[in-house]
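Read the structure below first, then the notes.
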Amino acid sequence: MSQKLEVKLTVNGRDYVLSLEPRWTLADVLREHCGLTGTHLGCEHGVCGACTVMIDGQAVRSCLMFAVQAQGKAIVTVEGLAGPGGELHPLQQAFIDHHALQCGFCTPGFLMLAHATLLESPDIDDEALIDILASNLCRCTGYKNILAAVKTAAAVMKARRRQP
Amino acid sequence: MTGASVTAFEKGKTRVFGRSVSRIEDLPLVTGRGRYVADLDFPRQIHMRVVRSEEAHGRIVAIRLDAARAVPGVVAVWTHADIAGLPPIDFRDPAAEALKPYRQPLLAKGVVRYVGEPVAVVLAESPYVAEDAAELVAVEVEALPPLLDAAAPPAAFAPGLSTEALELSQEYGDVAAAFREAHCIVEAELSIGRHSGVPMECRGAIGRYDAAYDVLELWGAAKVPHRNREALARFFGRPSSSVQLHECHVGGGFGIRGELYPEDFLVCAASMRLGCPVKWIEDRREHLIAANHSRQQHHRVRAAVDAEGRILALEDAIFLDQGAYVRTHGARVLDLTLAMLPGPYRVPAFRAVGHFRLTNKTPAATYRAPGRYEGTFVRERLLDAIAARLGLDGVAIRRRNLIASNEMPYARQLTANGHPIILDSGDYAGLLRAALEAFGWEETEARLRERRAAGEFVGAGLSFFLEKSGQGPSDSALVSVDSGGFVEVVTGGASLGQGFETAMAQICAETLGVDYRRVRVVHGQTDRIRFGIGAHASRATVMTGGAVHAAASEVRRKALAQASVLLQAPADELDIVEGRVVRRDAPMGASISLGELSRASGPGRDGAGNGMPGLYSESWFHTEGMAFPYGVHIAVVRVDRATGQVAVERYFVATDVGRAVNPMMVEGQIAGGVVQGLGGALYEEFRYDAAGQPLSATFAAYLMPTMREAPKVEVLIAEDAPSPNNPLGIKGVGEGGCTGAGAAIASAIDAAIGRPGAVTALPATPERVLSLLEAARR
């Protein structure tokens with residue numbers, strides 16, 4: 001079990017060559033070995049969604065996946081959401097504008113869940129969006145501002161796509 | 001009484017105070033650059049894993065450590081024998097002597113009293129190794145019968161010690177006469193379930209002893225770092241100047257995070273003994289069985305009323321399920337329950353007796369609106385029962401009993417934490433009127449009647465809450481302006497995610513005349529300021545805000561005095577706008593920046609001749625009285641008759657906050673509080689089986705509301721009654737969103753199923769609601 005494997009992970013477009021125990025979770029490896037501590041651990045049993053990252057375009061709970069399983073896949077974490085010059089992603093800006101965070105601990109998970117959702121379904125309706133966002137937990141905001149922020153970001157992203 | 005004249009900032013004339021500006025906290029948090037305690041590492045750190053009791057009650061026969069010690073990478077394994085010289089965890093504030101024998105040892109001493117109690121710790125080079133080795137620690141326990149019901153007769157905690165650790169009572173007026181002469185007596189037996197704050201970030205602590213300077217550091221502090229420093233210093237017999245607590249980002253507090261638990265002391269003890277930093281990060285299962293629980297109370301309450309429904313006397317017997325030990329709060333939750341039980345109503349005679357009882361469950365303490373969530377449920381249920389008995393509606397019964405605005409300030413003849421309760425200001429009936437109108441109570445009720453007639457189980461319920469906030473007596477702040485014109489505010493406050501930095505920056509910026517984004521706010525660092533009140537009981541904005549206002553006012557005074565010489569104009573003809581001192585009559589004319597004034601008055605400069613150089617002040621805010629926020633909750637629910645599931649269709653809160661520093665953040669506090677309150681009203685409960693095994697140790701079993709369950713909370717922020725007890729007129733807003741939720745939901749369910757008084761226990765789970773529906777059918 002503690003036999004280490006050499007693994008190459010691609011996170012936010014950058015390659016990390018790491019020597020990993022097969023039992024180490026993706027969340028732990030992102031945090032401890034890649035230094036990407038924006039991915040948070042809220043329950044380690046796949047319910048709260050704070051550890052959500054995007055893998056090949058899908059929202060995934062990184063506490064429920066071994067790092068070795070992510071080899072060869074494109075991983076995006078919250079640190080990879082802003083633009084190369086640091087310009088905020090519309091979701092990040094909307095979370096600030098709508099007061100969609102208080103303590104901020106669940107925020108990276110919600111951002112990545114919403115990001116993957118809007119990439120796949122840019123025109124998602126409210127009911128379907130609530131169903132998806134209900135898969136993560138927040139203890140501070142009461143959720144209504146999170147929903148408002150994601151809807152605003154969806155509109156902004158749609159408007160940007162329409163521009164030539 | 002309106003009290004509007006007492007506030008420092010005139011309404012409608014402020015630049016940033018009272019405005020919904022975006023938070024200065026947010027940028028790192030949305031970009032993944034926050035630093036919570038788990039994100040922090042120190043060179044050569046090791047990791048701690050706690051071995052916890054799997055039995056609810058029993059004698060420890062043997063603990064076998066050899067296998068764990070043999071695991072490569074294990075540095076040490078400790079049981080109570082290894083730390084026997086360390087005392088149990090003391091109370092943060094002075095508490096009754098009778099409670100002392102019930103304090104928790106860092107590691108179980110001969111007896112285990114709840115599932116989750118720390119029995120041993122493994123210290124190892126990695127968290128994975130520590131966890132591996134912890135599984136090899138074998139704890140042999142001879143089981144004893146567990147006590148799981150605080151309303152059952154007490155048993156023996158230890159030889160000669162009852163599980164009823166304390167009986168508290170408060171009383172005034174002639175209760176016996178009132179009951180003798182009452183038109184009728186209305187009784188209820190009510191209970192509130194065991195639930196808690198459960199922040200999204202689990203607890204964490206890093207102990208780091210710096211032998212070079214003989215300083216002990218605790219990282220991961222929260223809530224009350226300065227007061228916890230004193231507690232740690234006392235515990236280890238160290239000068240408090242050699243103990244430093246450091247707050248990182250904190251992923252939610254809600255009363256339970258930031259208290260001192262066994263793990264906080266253990267990482268400190270281990271770091272001193274082993275000579276390296278020791279990191280402990282809690283996992284969620286541990287959190288749900290080891291961090292403070294709260295709320296579980298059983299009430300036998302009755303009211304004496306006259307023929308019009310006026311309360312003549314209130315009497316209550318309370319049984320509080322404290323769990324296995326008495327933690328840092330002592331019996332505070334019980335005290336607050338007694339003290340705040342009468343709420344916003346005139347209660348001529350009152351007697352409440354609280355039984356503070358230990359059981360074999362996780363120890364309990366404060367959770368957002370401690371004692372008030374519980375007491376509001378009980379009192380408002382009782383008012384509903386009185387209304388039902390006399391054939392009145394829920395609004396009329398409350399109007400009849402609310403304390404009138406011309407009775408303010410109103411002395412309650414009760415104390416909370418030893419402080420007299422003097423309701424500072426309020427127009428309760430006015431807010432109730434405004435709430436009903438804004439919500440559309442009459443129209444909604446009419447529509448609900450139609451829907452009920454059509455066969456739906458829908459109804460609206462209402463509760464009135466009274467909160468307490470801004471308990472002093474004192475807090476301080478340091479405000480300084482550097483030569484670049486940037487402002488630093490150093491506080492002993494704490495940030496749990498509530499927007500503390502932004503609120504303090506707004507108060508400072510408004511006072512001083514600068515852009516709030518140029519204000520840096522320091523909190524939770526004991527090495528930056530001598531004292532600090534922390535963030536608890538809705539007091540940070542009132543107390544620390546008051547101190548920031550005082551310090552910024554003094555800096556402003558200094559700046560204007562200096563500028564008066566340089567601009568050759570009297571100070572009272574000057575103003576500070578966007579960080580520049582200008583003449584009020586010529587704002588575009590000659591000016592001087594705060595940065596230039598700071599530079600000119602620095603140590604050794606000519607302008608520094610006034611004793612204290614620089615643009616700097618340390619100031620205090622003192623207050624004797626508390627600020628009492630209040631408000632109305634209204635819920636509309638739909639009950640599924642097949643499943644007993646309750647859906648919240650609408651939720652409305654009106655609350656008077658005195659003055660709102662940032663209305664966006666106030667709404668955020670209320671909305672978040674409501675959803676937590678709904679959790680306790682409908683879903684969340686720490687359940688135990690007959691052997692005392694916890695049944696709610698995962699998020700699959702402990703059900704917190706998701707976006708699917710959460711209503712879009714509508715909020716009416718009223719500023720009718722600024723508090724006369726602080727210069728800004730503000731009242732705390734951290735708790736009122738939660739306080740009235742259990743009561744309003746219970747009332748709405750009653751209305752939906754057409755059975756007044758049906759809901760007597762929270763949470764109103766589908767199972768409980770179904771049994772109410774079945775009882776109605778019989």
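By order of appearance in the structure tokens: chains A, B, ..., then residues from 1 within every chain, and ligands from 1 in the order shown.
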At most 8 Å to chain A: residues in chain B, only C-alpha atoms, as a ChimeraX atom specification: /B:22-23,26-27,29-35,39,198-202,249-252,283-285,496-499,664-665,668-669,671-676,698-700,704-708,710-713
Alpha helix (DSSP H) call set, DSSP backbone run, stretch 427-496 of chain B, as a ChimeraX atom specification: /B:428-439,441-453
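The neighbours of stretch 592-594 of chain B here are the residues that come within 10 Å of it, using only C-alpha atoms and leaving out any residue fewer than 5 positions away in the same chain; they are Val481, Asp482, Ser483, Gly484, Gly485, Phe486, Val487, Leu512, Gly513, Val514, Val555, Arg556, Ala559, Leu560, Ala563, Leu566, Leu567, Ile576, Val577, Glu578, Gly579, Arg580, Val581, Val582, Arg599, Ala600 and Leu615 of chain B.
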Exercise: B:Arg346 partners within 8 Å, only C-alpha atoms, chain neighbours under 2 positions left out, as a PyMOL selection string: chain B and resi 311+342+344+348+401-403
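Pairwise distance (atom CA of B:Ser771, atom CA of B:Glu374) equals 22.6 Å.
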Pick from A:Pro22, A:Gly13, A:Gly85, A:Pro122 nearest to A:Phe66, counting only C-alpha atoms: A:Pro22
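Running DSSP on the backbone gives strand (DSSP E or B) for these residues within stretch 9-90 of chain A: Leu9, Thr10, Val11, Arg14, Asp15, Tyr16, Val17, Leu18, Ser19, Leu20, Thr25, Thr52, Val53, Met54, Ile55, Gln58, Ala59, Val60, Arg61, Phe66, Ala74, Ile75 and Val76 of chain A.
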Contacts of A:Thr152 within 9 Å, only C-alpha atoms, excl. fewer than 3 positions in-chain, as number ranges by chain: A: 90-91, 94, 98, 147-149, 155-157
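The two atoms in question, atom CA of B:Gly255 and atom CA of B:Leu695, are spaced 23.0 Å apart.
Proximity of A:Ala159, A:Leu26, A:Ile55, A:Leu5 to A:Lys73, computed with only C-alpha atoms, is greatest for A:Ile55.
From atom CA of B:Tyr261 back to atom CA of B:Ile318, the distance works out to 26.4 Å.
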Residues within 6 Å of stretch 103-113 of chain B, only C-alpha atoms, excluding chain neighbours under 3 positions, as a list in words: Ala56, His57, Gly58, Arg59, Ile60, His80, Pro88, Ile89, Lys100, Pro118, Val119, Pro262, Ala324, Tyr325, Val326 and Asn360 of chain B
Residue selection dump (C-alpha atoms) as a tab-separated table (two decimals), in the first residue's frame:
chain	number	residue	atom	x	y	z
B	56	ALA	CA	-20.80	5.71	25.57
B	57	HIS	CA	-19.95	4.86	29.15
B	58	GLY	CA	-17.49	2.47	30.73
B	59	ARG	CA	-14.42	1.85	32.82
B	60	ILE	CA	-11.14	1.71	30.95
B	80	HIS	CA	-3.90	10.06	30.19
B	88	PRO	CA	-8.89	19.35	33.20
B	89	ILE	CA	-10.11	22.11	30.87
B	100	LYS	CA	-15.67	21.90	38.67
B	118	PRO	CA	-10.38	11.37	23.36
B	119	VAL	CA	-8.66	8.38	24.95
B	262	PRO	CA	-8.90	18.88	24.41
B	324	ALA	CA	-20.80	14.09	29.19
B	325	TYR	CA	-18.76	16.99	30.57
B	326	VAL	CA	-19.10	20.69	31.31
B	360	ASN	CA	-23.46	10.11	28.02
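Of the residues listed (A:Asp126, A:Glu120, A:Glu21, A:Glu6), A:Glu6 shows the shortest atom-to-atom separation from A:Gln71; distances use only C-alpha atoms.
Using only C-alpha atoms, the smallest distance between any of B:Leu382, B:Ala743, B:Leu770, B:Ile507 and B:Val186 comes from B:Leu382.
With distances taken over only C-alpha atoms, A:Thr117 is the one residue among A:Thr117, A:Gln163, A:Thr10, A:Ser19 lying closest to A:Val60.
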Spatial neighbours of stretch 168-172 of chain B, max dist 7 Å, only C-alpha atoms, sep filter under 4 positions, as a list in words: Leu338, Ala349, Phe350, Arg351, Ala352, Val353, Gly354, His355, Gln413 and Leu414 of chain B
Put those residues in a file: N, CA and C atoms, as a CSV table (one decimal), in the first residue's frame.
chain,number,residue,atom,x,y,z
B,338,LEU,N,-33.0,30.9,30.7
B,338,LEU,CA,-33.9,31.5,31.7
B,338,LEU,C,-34.0,33.0,31.5
B,349,ALA,N,-45.0,38.3,36.5
B,349,ALA,CA,-44.4,37.4,37.4
B,349,ALA,C,-43.8,36.2,36.7
B,350,PHE,N,-42.6,35.8,37.2
B,350,PHE,CA,-41.9,34.8,36.4
B,350,PHE,C,-41.1,33.9,37.4
B,351,ARG,N,-41.1,32.6,37.0
B,351,ARG,CA,-40.2,31.7,37.8
B,351,ARG,C,-39.8,30.6,36.8
B,352,ALA,N,-38.5,30.4,36.7
B,352,ALA,CA,-38.0,29.4,35.9
B,352,ALA,C,-36.9,28.6,36.6
B,353,VAL,N,-36.9,27.3,36.6
B,353,VAL,CA,-35.9,26.5,37.2
B,353,VAL,C,-35.3,25.7,36.2
B,354,GLY,N,-34.0,25.7,36.1
B,354,GLY,CA,-33.2,25.0,35.1
B,354,GLY,C,-32.4,23.9,35.7
B,355,HIS,N,-32.6,22.7,35.1
B,355,HIS,CA,-31.8,21.5,35.6
B,355,HIS,C,-30.7,21.2,34.6
B,413,GLN,N,-35.8,42.7,35.5
B,413,GLN,CA,-35.7,42.0,36.7
B,413,GLN,C,-35.1,40.6,36.6
B,414,LEU,N,-34.4,40.4,35.5
B,414,LEU,CA,-33.6,39.2,35.3
B,414,LEU,C,-32.2,39.5,34.9
